[in-house]
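*Asks:* Provided herewith is a single structure, encoded as structure tokens, for subsequent inquiry.
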Amino acid sequence: MVPVTLKYDPTTKTANVLCSNYVVNGGKGSLEKYLTISAMPSADAYYYVGQTKTKTSVSSTLYTLGLVVDATKSTCDLRTVVTTDKDIVSFVKLPDGRFIMEMMDVAVPGGYSTTEIGVFETNGSYTQKVPPTVRMSVAGDWKNSRVSYAFIGADKKGHAGVVDEKGNADEKFNSGETPLLTVDIFVTNLSGDIALLSGSNRTVGAAHDKLVAINTKTNKVTVLSSYDSDALNGFKENYAMSAVSNGSVAYFRTYNGTDKSVHEWEWTAPGPARVNDFTANPTLLVQGGKSTLEWSTVNATTVSIFPAYLSPDPLGFLPLSGKLEITPGIGANIIILTANGPLGFDTARVTVNVTAQVPLPTITDGGIRNAASMEHTLAPRALGTVFGTNLCYNAASSSTTPPLPTTLCGGTKVLVNGQPAPLTYVDGGQINFLAPDILSGNGTVQVVRGTVLGPPMTFAFTATAPGVFMNNSLGILTDATASTVILVTADKPMIPGGYYTAWATGLGAKQPSCTPAIGEAPHQACSALATTTLTIGGVPAEVIYAGTQPDFPGLDQINFRAPVNSSSSQNVLGELTVGDVKTSFPTVLQIAQ
């Protein structure tokens, strides 16, 4: 008989004669008696198995079609790949050129054959991967260059495994002490990651037929169907004709030995684990704040979170679906949820941004004062002082040139009833500012540092709130007749009857013609509307002028003549009264002779 090989063209859907005659090894070899396995395309070539049988042995040669002349010529050259003294039952070419072989040895006493699996190297050497056993079944996954095997070992237990694309044997299943597939086990199909095993455990009084799916990546075993019968010497269901589609759906038949019925059904393998949903709310926090994670998964057996310290479980394991309240640290917290399942894993991530707890610019209790007297009173357009903490992070800054700014120290403001007040000085613990036109009643004062708004503080404003500025524990008084500034000090006390100026703030409303914009200098002398009196050492002084200082906003001056009466002490107390509000200040007066 002349062997014929047909080459099928999927484009034209026709089969052409490829070879009707063979030459072996360029005409130097001889063809075995049989070609038991016809041409099998494997990526880059066609392969044949030739077989020679005797009464006691079978030998095989694996050939590759070394030369295809063209479709019009019928002679092809078979090149020997390897020759063995066993029957090559099946083979799979590995990506590196080696071959996985299933080989049967029939030359054993009693007529039983044994089957083994091994790898033929490219140099012709052979490495055994699965030792010979009396009953072994093999299924190949040609696309991935793998094979699955199943057999009953000497331990009378079922074993199954995979020889992978690298030629490594890995046992995936051992029935162990359970009555699962310990007799008549065989592998029916391998595709993708699923291998189907069929078999039973039979005793004298019972039959246990089972169909088992093994995930060859994860070693997870699933019993698809199981039938237990107590009928003596019989079983009802026999599993056969199994197949796997796309590595996830198994199709097979069962035959009922009692009623002779055939049943066809399918099983869908669990898909890879999937994170359906993973959210965090909120995703923007201030240090110490909490966010709630919420998630749901499919086909997962475990769920873990990274970083694990956010989880109550020390390893970060969580329920398959659920919620978790977390307190993340400062910065961009990338939180990864991983769902693990028998066919793979899935991850999802959320980011929770946490900003540092920003210290608020805070006014200390009682920290709003008259800039001159340090008393807790302020009048319209008077100079005030705020004492507090975290008022500014930059270096101190000041301004003495009108119009006064409403922002100093890199972004610090003072809001009085929500409106920015003009500023003269700002550092981390003190702000000097100009009060707005609030005639009387309560107002709120707040400090803003950049975009950070401090807590408000309520403060009572009055129509007048006089205060005399201090220097070295004395009120600031100057000689009104000198061409240069001469301060009244212990060394230069006031002379009775002399003319002096007291520097103050808070005299209240001035003449209507003297109301420039807040922060602007009046540029003229404008008298205070409220009655102003002054005593030195309890003796009335003659007030010549009480009103604005023309060149600086918020600064007032009182020009007066010192009392001519004698005093028994050089250190005396000055008392300034504007309207119905009084303030006092220490000063010095020369004792009359």
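Starting from 1 in every chain, residues are counted up; chains themselves are A, B, ... following the order of the structure tokens, and ligands are numbered from 1 as listed.
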Can you list, as a list in words, every protein, DNA or RNA residue that comes within 9 Å of Gln128 in chain A when you count only C-alpha atoms, leaving out same-chain residues fewer than 4 positions away?
*Replies:* Glu116, Ile117, Gly118, Val119 and Phe120 of chain A
*Asks:* Pick out the residues sitting within 8 Å of range 399-406 of chain A, and hand them over as a ChimeraX atom specification; count only C-alpha atoms, and ignore anything fewer than 2 positions along from it in its own chain.
*Replies:* /A:397,408,413-414,420-425,519-521,552-553
*Asks:* Store the residues picked out above in a file with N, CA, C and O atoms, as a PDB file, in the first residue's frame.
*Replies:*
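File produced: part.pdb:
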ATOM      1  N   SER A 397       6.765  91.179  59.291  1.00  0.00           N
ATOM      2  CA  SER A 397       6.774  92.282  58.330  1.00  0.00           C
ATOM      3  C   SER A 397       5.906  93.413  58.858  1.00  0.00           C
ATOM      4  O   SER A 397       5.005  93.205  59.674  1.00  0.00           O
ATOM      5  N   LEU A 408      -0.096  91.166  55.259  1.00  0.00           N
ATOM      6  CA  LEU A 408       1.333  91.216  55.570  1.00  0.00           C
ATOM      7  C   LEU A 408       1.819  89.813  55.893  1.00  0.00           C
ATOM      8  O   LEU A 408       1.028  88.880  56.055  1.00  0.00           O
ATOM      9  N   LYS A 413      -4.110  88.024  57.210  1.00  0.00           N
ATOM     10  CA  LYS A 413      -5.107  89.094  57.265  1.00  0.00           C
ATOM     11  C   LYS A 413      -5.823  89.045  58.603  1.00  0.00           C
ATOM     12  O   LYS A 413      -5.864  88.013  59.269  1.00  0.00           O
ATOM     13  N   VAL A 414      -6.423  90.175  58.965  1.00  0.00           N
ATOM     14  CA  VAL A 414      -7.345  90.250  60.100  1.00  0.00           C
ATOM     15  C   VAL A 414      -8.702  90.672  59.555  1.00  0.00           C
ATOM     16  O   VAL A 414      -8.813  91.713  58.890  1.00  0.00           O
ATOM     17  N   PRO A 420     -11.491  92.810  55.650  1.00  0.00           N
ATOM     18  CA  PRO A 420     -10.065  92.927  55.965  1.00  0.00           C
ATOM     19  C   PRO A 420      -9.747  94.280  56.589  1.00  0.00           C
ATOM     20  O   PRO A 420     -10.206  95.322  56.117  1.00  0.00           O
ATOM     21  N   ALA A 421      -8.962  94.259  57.653  1.00  0.00           N
ATOM     22  CA  ALA A 421      -8.555  95.488  58.339  1.00  0.00           C
ATOM     23  C   ALA A 421      -7.146  95.862  57.897  1.00  0.00           C
ATOM     24  O   ALA A 421      -6.313  94.996  57.656  1.00  0.00           O
ATOM     25  N   PRO A 422      -6.825  97.172  57.790  1.00  0.00           N
ATOM     26  CA  PRO A 422      -5.459  97.606  57.491  1.00  0.00           C
ATOM     27  C   PRO A 422      -4.500  97.134  58.579  1.00  0.00           C
ATOM     28  O   PRO A 422      -4.848  97.094  59.766  1.00  0.00           O
ATOM     29  N   LEU A 423      -3.275  96.791  58.183  1.00  0.00           N
ATOM     30  CA  LEU A 423      -2.294  96.233  59.105  1.00  0.00           C
ATOM     31  C   LEU A 423      -1.051  97.103  59.143  1.00  0.00           C
ATOM     32  O   LEU A 423      -0.652  97.703  58.145  1.00  0.00           O
ATOM     33  N   THR A 424      -0.397  97.109  60.342  1.00  0.00           N
ATOM     34  CA  THR A 424       0.879  97.817  60.474  1.00  0.00           C
ATOM     35  C   THR A 424       2.024  96.879  60.829  1.00  0.00           C
ATOM     36  O   THR A 424       3.179  97.189  60.562  1.00  0.00           O
ATOM     37  N   TYR A 425       1.690  95.702  61.425  1.00  0.00           N
ATOM     38  CA  TYR A 425       2.761  94.779  61.829  1.00  0.00           C
ATOM     39  C   TYR A 425       2.169  93.387  61.994  1.00  0.00           C
ATOM     40  O   TYR A 425       1.055  93.223  62.529  1.00  0.00           O
ATOM     41  N   GLY A 519      -7.350 103.251  56.454  1.00  0.00           N
ATOM     42  CA  GLY A 519      -5.969 102.980  56.101  1.00  0.00           C
ATOM     43  C   GLY A 519      -5.255 104.150  55.476  1.00  0.00           C
ATOM     44  O   GLY A 519      -4.036 104.110  55.319  1.00  0.00           O
ATOM     45  N   GLU A 520      -5.995 105.173  55.104  1.00  0.00           N
ATOM     46  CA  GLU A 520      -5.383 106.377  54.548  1.00  0.00           C
ATOM     47  C   GLU A 520      -5.088 107.371  55.673  1.00  0.00           C
ATOM     48  O   GLU A 520      -5.817 107.418  56.686  1.00  0.00           O
ATOM     49  N   ALA A 521      -4.062 108.178  55.494  1.00  0.00           N
ATOM     50  CA  ALA A 521      -3.766 109.239  56.464  1.00  0.00           C
ATOM     51  C   ALA A 521      -4.723 110.415  56.241  1.00  0.00           C
ATOM     52  O   ALA A 521      -5.087 110.713  55.096  1.00  0.00           O
ATOM     53  N   PHE A 552      -0.481 109.723  59.986  1.00  0.00           N
ATOM     54  CA  PHE A 552      -0.531 108.269  60.167  1.00  0.00           C
ATOM     55  C   PHE A 552      -1.924 107.834  60.596  1.00  0.00           C
ATOM     56  O   PHE A 552      -2.480 108.359  61.571  1.00  0.00           O
ATOM     57  N   PRO A 553      -2.515 106.893  59.878  1.00  0.00           N
ATOM     58  CA  PRO A 553      -3.887 106.446  60.200  1.00  0.00           C
ATOM     59  C   PRO A 553      -3.959 105.835  61.603  1.00  0.00           C
ATOM     60  O   PRO A 553      -3.084 105.059  62.002  1.00  0.00           O
TER      61      PRO A 553
END
*Asks:* Which residue out of A:Asn417, A:Asn123, A:Asn276, A:Thr188 has the minimum interatomic distance to Val138 in chain A when only C-alpha atoms are used?
*Replies:*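 Among the listed residues, the smallest separation from Val138 in chain A belongs to A:Thr188.
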*Asks:* Hey, what's within 10 Å of Leu285 in chain A if we count only C-alpha atoms and toss same-chain stuff fewer than 6 positions away? As an MDAnalysis selection string, please?
*Replies:* chainID A and resid 291 327:331 352:357
*Asks:* Take the residues from that selection and write them out as a short mmCIF file (atom, residue, chain, number, x, y, z; two decimals), in the first residue's frame, keeping C-alpha atoms.
*Replies:*
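For reference, part09.cif as written:
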data_model
loop_
_atom_site.label_atom_id
_atom_site.label_comp_id
_atom_site.auth_asym_id
_atom_site.auth_seq_id
_atom_site.Cartn_x
_atom_site.Cartn_y
_atom_site.Cartn_z
CA SER A 291 -12.53 57.21 54.97
CA THR A 327 -7.53 56.24 59.07
CA PRO A 328 -4.72 56.66 56.52
CA GLY A 329 -1.56 58.67 57.04
CA ILE A 330 -0.42 61.95 55.51
CA GLY A 331 0.14 61.95 51.75
CA VAL A 352 -6.99 58.73 49.48
CA ASN A 353 -5.12 62.01 49.83
CA VAL A 354 -4.46 63.15 53.39
CA THR A 355 -3.14 66.61 54.15
CA ALA A 356 -1.30 67.45 57.32
CA GLN A 357 -3.32 68.82 60.18
#
*Asks:* Give me the residues within 12 Å of Asp85 in chain A as a list in words, counting only C-alpha atoms and dropping any in the same chain fewer than 3 places off.
*Replies:*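 The neighbour list is Gly50, Gln51, Thr52, Lys53, Thr54, Thr56, Ser57, Val58, Ser59, Ser60, Thr61, Leu62, Val82, Ile88, Met103, Met104, Asp105, Val106 and Ala107 of chain A.
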*Asks:* Using N, CA, C and O atoms, can you write the selected residues to a file as an mmCIF file, in the first residue's frame?
*Replies:*
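For reference, part03.cif as written:
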data_model
loop_
_atom_site.group_PDB
_atom_site.id
_atom_site.type_symbol
_atom_site.label_atom_id
_atom_site.label_comp_id
_atom_site.auth_asym_id
_atom_site.auth_seq_id
_atom_site.Cartn_x
_atom_site.Cartn_y
_atom_site.Cartn_z
ATOM 1 N N GLY A 50 6.419 6.027 12.406
ATOM 2 C CA GLY A 50 6.491 4.717 11.753
ATOM 3 C C GLY A 50 6.641 3.639 12.805
ATOM 4 O O GLY A 50 7.320 3.828 13.817
ATOM 5 N N GLN A 51 6.026 2.487 12.587
ATOM 6 C CA GLN A 51 6.005 1.430 13.595
ATOM 7 C C GLN A 51 6.381 0.094 12.968
ATOM 8 O O GLN A 51 5.905 -0.251 11.887
ATOM 9 N N THR A 52 7.236 -0.619 13.662
ATOM 10 C CA THR A 52 7.595 -1.981 13.258
ATOM 11 C C THR A 52 7.277 -2.929 14.408
ATOM 12 O O THR A 52 7.748 -2.700 15.535
ATOM 13 N N LYS A 53 6.488 -3.946 14.139
ATOM 14 C CA LYS A 53 6.057 -4.874 15.185
ATOM 15 C C LYS A 53 6.688 -6.245 14.960
ATOM 16 O O LYS A 53 6.864 -6.697 13.831
ATOM 17 N N THR A 54 7.015 -6.889 16.076
ATOM 18 C CA THR A 54 7.362 -8.310 16.068
ATOM 19 C C THR A 54 6.460 -9.003 17.069
ATOM 20 O O THR A 54 5.590 -8.374 17.685
ATOM 21 N N THR A 56 7.265 -9.996 19.915
ATOM 22 C CA THR A 56 7.631 -9.642 21.299
ATOM 23 C C THR A 56 7.859 -8.160 21.540
ATOM 24 O O THR A 56 8.007 -7.736 22.679
ATOM 25 N N SER A 57 7.892 -7.373 20.489
ATOM 26 C CA SER A 57 8.212 -5.954 20.714
ATOM 27 C C SER A 57 7.633 -5.081 19.618
ATOM 28 O O SER A 57 7.221 -5.565 18.570
ATOM 29 N N VAL A 58 7.640 -3.811 19.940
ATOM 30 C CA VAL A 58 7.256 -2.776 18.977
ATOM 31 C C VAL A 58 8.311 -1.680 19.048
ATOM 32 O O VAL A 58 8.681 -1.235 20.136
ATOM 33 N N SER A 59 8.805 -1.243 17.912
ATOM 34 C CA SER A 59 9.722 -0.105 17.862
ATOM 35 C C SER A 59 9.124 0.963 16.966
ATOM 36 O O SER A 59 8.336 0.676 16.068
ATOM 37 N N SER A 60 9.490 2.228 17.265
ATOM 38 C CA SER A 60 8.913 3.340 16.511
ATOM 39 C C SER A 60 9.985 4.353 16.164
ATOM 40 O O SER A 60 10.996 4.502 16.868
ATOM 41 N N THR A 61 9.721 5.029 15.063
ATOM 42 C CA THR A 61 10.568 6.142 14.648
ATOM 43 C C THR A 61 9.683 7.357 14.405
ATOM 44 O O THR A 61 8.640 7.252 13.752
ATOM 45 N N LEU A 62 10.087 8.484 14.964
ATOM 46 C CA LEU A 62 9.382 9.738 14.716
ATOM 47 C C LEU A 62 10.092 10.441 13.563
ATOM 48 O O LEU A 62 11.311 10.650 13.591
ATOM 49 N N VAL A 82 13.835 10.708 15.926
ATOM 50 C CA VAL A 82 14.316 9.819 16.974
ATOM 51 C C VAL A 82 13.731 8.436 16.755
ATOM 52 O O VAL A 82 12.627 8.295 16.215
ATOM 53 N N ILE A 88 5.532 4.606 20.064
ATOM 54 C CA ILE A 88 5.199 6.009 20.297
ATOM 55 C C ILE A 88 3.696 6.178 20.093
ATOM 56 O O ILE A 88 3.193 6.040 18.971
ATOM 57 N N MET A 103 4.913 6.762 25.435
ATOM 58 C CA MET A 103 5.403 5.543 24.794
ATOM 59 C C MET A 103 4.923 4.317 25.567
ATOM 60 O O MET A 103 4.880 4.324 26.803
ATOM 61 N N MET A 104 4.592 3.276 24.815
ATOM 62 C CA MET A 104 4.069 2.051 25.391
ATOM 63 C C MET A 104 5.074 0.921 25.163
ATOM 64 O O MET A 104 5.614 0.763 24.070
ATOM 65 N N ASP A 105 5.306 0.158 26.230
ATOM 66 C CA ASP A 105 6.193 -0.993 26.141
ATOM 67 C C ASP A 105 5.348 -2.252 26.296
ATOM 68 O O ASP A 105 4.808 -2.520 27.366
ATOM 69 N N VAL A 106 5.219 -3.046 25.203
ATOM 70 C CA VAL A 106 4.368 -4.246 25.251
ATOM 71 C C VAL A 106 5.173 -5.489 25.567
ATOM 72 O O VAL A 106 4.605 -6.571 25.738
ATOM 73 N N ALA A 107 6.467 -5.354 25.630
ATOM 74 C CA ALA A 107 7.309 -6.533 25.853
ATOM 75 C C ALA A 107 7.465 -6.798 27.341
ATOM 76 O O ALA A 107 8.545 -6.660 27.918
#
*Asks:* Using only C-alpha atoms, can you tell me which of A:Val92, A:Leu507, A:Cys514, A:Ala482 comes closest to Thr377 in chain A?
*Replies:*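 Result for the nearest residue to Thr377 in chain A: A:Leu507.
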*Asks:* Could you name the residues that touch range 434-450 of chain A at 7 Å or less, counting only C-alpha atoms, but leaving out those on the same chain fewer than 3 positions away, as a ChimeraX atom specification?
*Replies:* /A:361,379-384,391-392,411-417,421-423,453-463,518,554
*Asks:* Could you write out that same residue set with N, CA and C atoms as a JSON list (two decimals), in the first residue's frame?
*Replies:*
[["chain", "number", "residue", "atom", "x", "y", "z"],
["A", 361, "PRO", "N", -4.64, 79.60, 62.68],
["A", 361, "PRO", "CA", -4.23, 80.86, 63.30],
["A", 361, "PRO", "C", -5.25, 81.22, 64.38],
["A", 379, "ALA", "N", -12.08, 101.51, 69.69],
["A", 379, "ALA", "CA", -13.02, 102.46, 69.11],
["A", 379, "ALA", "C", -12.83, 102.47, 67.60],
["A", 380, "PRO", "N", -13.77, 103.07, 66.86],
["A", 380, "PRO", "CA", -13.62, 103.16, 65.41],
["A", 380, "PRO", "C", -12.30, 103.83, 65.03],
["A", 381, "ARG", "N", -11.61, 103.23, 64.07],
["A", 381, "ARG", "CA", -10.36, 103.74, 63.53],
["A", 381, "ARG", "C", -9.26, 103.84, 64.57],
["A", 382, "ALA", "N", -9.36, 103.03, 65.62],
["A", 382, "ALA", "CA", -8.29, 102.98, 66.62],
["A", 382, "ALA", "C", -7.33, 101.86, 66.24],
["A", 383, "LEU", "N", -6.10, 101.99, 66.73],
["A", 383, "LEU", "CA", -5.11, 100.96, 66.50],
["A", 383, "LEU", "C", -5.27, 99.86, 67.55],
["A", 384, "GLY", "N", -5.42, 98.61, 67.06],
["A", 384, "GLY", "CA", -5.58, 97.48, 67.97],
["A", 384, "GLY", "C", -4.46, 96.48, 67.78],
["A", 391, "LEU", "N", 0.00, 82.76, 63.76],
["A", 391, "LEU", "CA", -0.56, 83.86, 62.99],
["A", 391, "LEU", "C", 0.17, 84.05, 61.66],
["A", 392, "CYS", "N", 1.44, 83.61, 61.61],
["A", 392, "CYS", "CA", 2.21, 83.74, 60.38],
["A", 392, "CYS", "C", 3.39, 82.78, 60.45],
["A", 411, "GLY", "N", 0.72, 86.72, 53.56],
["A", 411, "GLY", "CA", -0.67, 86.28, 53.37],
["A", 411, "GLY", "C", -1.55, 86.31, 54.59],
["A", 412, "THR", "N", -1.13, 86.98, 55.66],
["A", 412, "THR", "CA", -1.95, 87.04, 56.87],
["A", 412, "THR", "C", -2.87, 88.26, 56.81],
["A", 413, "LYS", "N", -4.11, 88.02, 57.21],
["A", 413, "LYS", "CA", -5.11, 89.09, 57.26],
["A", 413, "LYS", "C", -5.82, 89.05, 58.60],
["A", 414, "VAL", "N", -6.42, 90.17, 58.97],
["A", 414, "VAL", "CA", -7.35, 90.25, 60.10],
["A", 414, "VAL", "C", -8.70, 90.67, 59.55],
["A", 415, "LEU", "N", -9.71, 89.85, 59.82],
["A", 415, "LEU", "CA", -11.07, 90.17, 59.38],
["A", 415, "LEU", "C", -11.87, 90.67, 60.58],
["A", 416, "VAL", "N", -12.44, 91.85, 60.42],
["A", 416, "VAL", "CA", -13.34, 92.39, 61.45],
["A", 416, "VAL", "C", -14.73, 92.41, 60.84],
["A", 417, "ASN", "N", -15.61, 91.61, 61.39],
["A", 417, "ASN", "CA", -16.95, 91.42, 60.81],
["A", 417, "ASN", "C", -16.86, 91.02, 59.34],
["A", 421, "ALA", "N", -8.96, 94.26, 57.65],
["A", 421, "ALA", "CA", -8.55, 95.49, 58.34],
["A", 421, "ALA", "C", -7.15, 95.86, 57.90],
["A", 422, "PRO", "N", -6.83, 97.17, 57.79],
["A", 422, "PRO", "CA", -5.46, 97.61, 57.49],
["A", 422, "PRO", "C", -4.50, 97.13, 58.58],
["A", 423, "LEU", "N", -3.27, 96.79, 58.18],
["A", 423, "LEU", "CA", -2.29, 96.23, 59.10],
["A", 423, "LEU", "C", -1.05, 97.10, 59.14],
["A", 453, "LEU", "N", -8.44, 79.74, 57.68],
["A", 453, "LEU", "CA", -9.22, 80.68, 58.48],
["A", 453, "LEU", "C", -9.28, 80.21, 59.92],
["A", 454, "GLY", "N", -8.84, 81.09, 60.81],
["A", 454, "GLY", "CA", -8.88, 80.75, 62.23],
["A", 454, "GLY", "C", -10.26, 80.94, 62.83],
["A", 455, "PRO", "N", -10.45, 80.46, 64.05],
["A", 455, "PRO", "CA", -11.75, 80.59, 64.70],
["A", 455, "PRO", "C", -12.04, 82.05, 65.06],
["A", 456, "PRO", "N", -13.31, 82.45, 64.99],
["A", 456, "PRO", "CA", -13.65, 83.85, 65.31],
["A", 456, "PRO", "C", -13.67, 84.09, 66.81],
["A", 457, "MET", "N", -13.45, 85.34, 67.16],
["A", 457, "MET", "CA", -13.57, 85.75, 68.57],
["A", 457, "MET", "C", -14.43, 87.01, 68.63],
["A", 458, "THR", "N", -15.34, 87.02, 69.56],
["A", 458, "THR", "CA", -16.23, 88.18, 69.72],
["A", 458, "THR", "C", -15.55, 89.25, 70.55],
["A", 459, "PHE", "N", -15.74, 90.51, 70.12],
["A", 459, "PHE", "CA", -15.11, 91.62, 70.84],
["A", 459, "PHE", "C", -16.07, 92.80, 70.85],
["A", 460, "ALA", "N", -16.10, 93.52, 71.98],
["A", 460, "ALA", "CA", -17.00, 94.68, 72.12],
["A", 460, "ALA", "C", -16.29, 95.96, 71.72],
["A", 461, "PHE", "N", -16.89, 96.70, 70.76],
["A", 461, "PHE", "CA", -16.38, 98.00, 70.34],
["A", 461, "PHE", "C", -17.18, 99.10, 71.02],
["A", 462, "THR", "N", -16.46, 100.18, 71.36],
["A", 462, "THR", "CA", -17.13, 101.32, 72.01],
["A", 462, "THR", "C", -16.86, 102.58, 71.19],
["A", 463, "ALA", "N", -17.66, 103.62, 71.43],
["A", 463, "ALA", "CA", -17.52, 104.86, 70.65],
["A", 463, "ALA", "C", -16.16, 105.48, 70.86],
["A", 518, "ILE", "N", -10.45, 104.03, 55.07],
["A", 518, "ILE", "CA", -9.75, 103.27, 56.11],
["A", 518, "ILE", "C", -8.35, 102.92, 55.62],
["A", 554, "GLY", "N", -5.00, 106.18, 62.35],
["A", 554, "GLY", "CA", -5.23, 105.61, 63.66],
["A", 554, "GLY", "C", -4.48, 106.25, 64.79]]
*Asks:* So which residues touch Leu197 in chain A within 9 Å, counting only C-alpha atoms, skipping near sequence neighbours fewer than 2 positions away, as a ChimeraX atom specification?
*Replies:* /A:150,160,181,185-189,195,199,210-214,242
*Asks:* Identify, on the basis of only C-alpha atoms, every residue whose closest approach to Val578 in chain A does not exceed 12 Å; exclude the query and any residue fewer than 5 positions from it along the same chain; express the result as a list in words.
*Replies:*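 Residues meeting the cut-off are Ala379, Thr462, Ala463, Thr464, Ala465, Pro466, Gly467, Val468, Ala504, Thr505, Gly506, Leu507, Gly508, Ala509, Ser527, Ala528, Leu529, Ala530, Thr531, Thr532, Thr533, Leu534, Val543, Ala546, Gly547, Asp556, Ile558, Thr583 and Ser584 of chain A.
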*Asks:* Let's have the selection written as a compact mmCIF listing (two decimals), in the first residue's frame, with N, CA and C atoms.
*Replies:*
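Contents of part_12.txt, freshly written:
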# COMPACT_ATOMS: atom_id res chain seq x y z
N ALA A 379 -12.08 101.51 69.69
CA ALA A 379 -13.02 102.46 69.11
C ALA A 379 -12.83 102.47 67.60
N THR A 462 -16.46 100.18 71.36
CA THR A 462 -17.13 101.32 72.01
C THR A 462 -16.86 102.58 71.19
N ALA A 463 -17.66 103.62 71.43
CA ALA A 463 -17.52 104.86 70.65
C ALA A 463 -16.16 105.48 70.86
N THR A 464 -15.65 105.44 72.09
CA THR A 464 -14.30 105.94 72.38
C THR A 464 -13.59 104.88 73.22
N ALA A 465 -12.31 104.76 73.03
CA ALA A 465 -11.50 103.80 73.79
C ALA A 465 -10.08 104.34 73.85
N PRO A 466 -9.85 105.43 74.62
CA PRO A 466 -8.55 106.08 74.60
C PRO A 466 -7.46 105.21 75.20
N GLY A 467 -6.28 105.35 74.65
CA GLY A 467 -5.11 104.68 75.20
C GLY A 467 -3.89 105.47 74.81
N VAL A 468 -2.98 105.68 75.77
CA VAL A 468 -1.73 106.40 75.52
C VAL A 468 -0.62 105.37 75.33
N ALA A 504 -1.57 108.97 71.35
CA ALA A 504 -2.63 108.06 71.78
C ALA A 504 -3.38 107.50 70.58
N THR A 505 -4.38 106.71 70.88
CA THR A 505 -5.31 106.21 69.87
C THR A 505 -6.65 106.03 70.54
N GLY A 506 -7.72 105.90 69.74
CA GLY A 506 -9.03 105.61 70.29
C GLY A 506 -9.84 106.80 70.74
N LEU A 507 -9.54 108.01 70.19
CA LEU A 507 -10.33 109.17 70.61
C LEU A 507 -11.72 109.17 69.98
N GLY A 508 -11.98 108.21 69.07
CA GLY A 508 -13.33 108.11 68.51
C GLY A 508 -13.50 108.97 67.28
N ALA A 509 -14.76 109.28 66.98
CA ALA A 509 -15.10 110.01 65.75
C ALA A 509 -14.48 111.41 65.75
N SER A 527 -10.26 117.57 65.01
CA SER A 527 -10.54 117.40 66.44
C SER A 527 -11.51 116.27 66.67
N ALA A 528 -11.32 115.61 67.82
CA ALA A 528 -12.26 114.57 68.24
C ALA A 528 -13.57 115.21 68.63
N LEU A 529 -14.69 114.52 68.31
CA LEU A 529 -16.00 115.06 68.65
C LEU A 529 -16.31 114.90 70.12
N ALA A 530 -15.77 113.85 70.76
CA ALA A 530 -16.05 113.61 72.18
C ALA A 530 -15.20 114.55 73.04
N THR A 531 -15.74 114.96 74.20
CA THR A 531 -15.02 115.84 75.13
C THR A 531 -13.81 115.12 75.67
N THR A 532 -12.67 115.81 75.65
CA THR A 532 -11.41 115.20 76.09
C THR A 532 -10.84 116.02 77.23
N THR A 533 -10.50 115.33 78.34
CA THR A 533 -9.86 116.00 79.49
C THR A 533 -8.64 115.21 79.89
N LEU A 534 -7.70 115.91 80.58
CA LEU A 534 -6.45 115.29 80.98
C LEU A 534 -6.03 115.84 82.33
N VAL A 543 -6.04 121.20 77.93
CA VAL A 543 -6.02 120.50 76.64
C VAL A 543 -6.18 121.53 75.54
N ALA A 546 -7.09 117.93 70.77
CA ALA A 546 -7.22 116.48 70.86
C ALA A 546 -7.85 116.02 69.55
N GLY A 547 -7.10 115.23 68.77
CA GLY A 547 -7.63 114.78 67.48
C GLY A 547 -6.61 113.96 66.71
N ASP A 556 -3.58 109.24 67.25
CA ASP A 556 -4.15 110.49 67.77
C ASP A 556 -3.12 111.20 68.62
N ILE A 558 -2.78 114.48 71.75
CA ILE A 558 -3.40 115.44 72.67
C ILE A 558 -2.31 116.46 73.01
N THR A 583 -8.61 106.37 80.73
CA THR A 583 -7.41 105.53 80.74
C THR A 583 -6.33 106.28 81.49
N SER A 584 -5.37 105.56 82.03
CA SER A 584 -4.29 106.20 82.81
C SER A 584 -2.94 105.74 82.29
*Asks:* Which of range 370-584 of chain A end up as strand (DSSP E) when DSSP is run on this backbone - answer as an MDAnalysis selection string?
*Replies:* chainID A and resid 370 383:389 397:398 412:416 419:420 423:426 430:434 441:449 452:453 457:461 467:468 470:471 474:475 477:479 499:505 532:536 539:548 556:561 571:578 581:584
*Asks:* Would you mind reading off the distance between CA of Lys28 in chain A and CA of Tyr63 in chain A, one decimal, in Å?
*Replies:*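 Separation between CA of Lys28 in chain A and CA of Tyr63 in chain A: 13.9 Å.
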*Asks:* Select, from A:Ser125, A:Ser304, A:Asn471, A:Asn333, the residue with the minimum atom-to-atom distance to Gln287 in chain A, counting only C-alpha atoms.
*Replies:*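 The answer is A:Asn333, which sits nearest to Gln287 in chain A.
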*Asks:* Go ahead and compute the interatomic distance for CA of Cys19 in chain A and CA of Thr83 in chain A, in Å to one decimal.
*Replies:*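 So the two atoms, CA of Cys19 in chain A and CA of Thr83 in chain A, lie 22.0 Å apart.
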*Asks:* Measuring between only C-alpha atoms, which one of A:Thr338, A:Thr64, A:Thr222, A:Thr297 shows the shortest distance to Leu320 in chain A?
*Replies:* A:Thr297
*Asks:* Do you have the CA of Ala396 in chain A-CA of Cys409 in chain A distance handy?
*Replies:*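 Interatomic distance, CA of Ala396 in chain A to CA of Cys409 in chain A: 5.9 Å.
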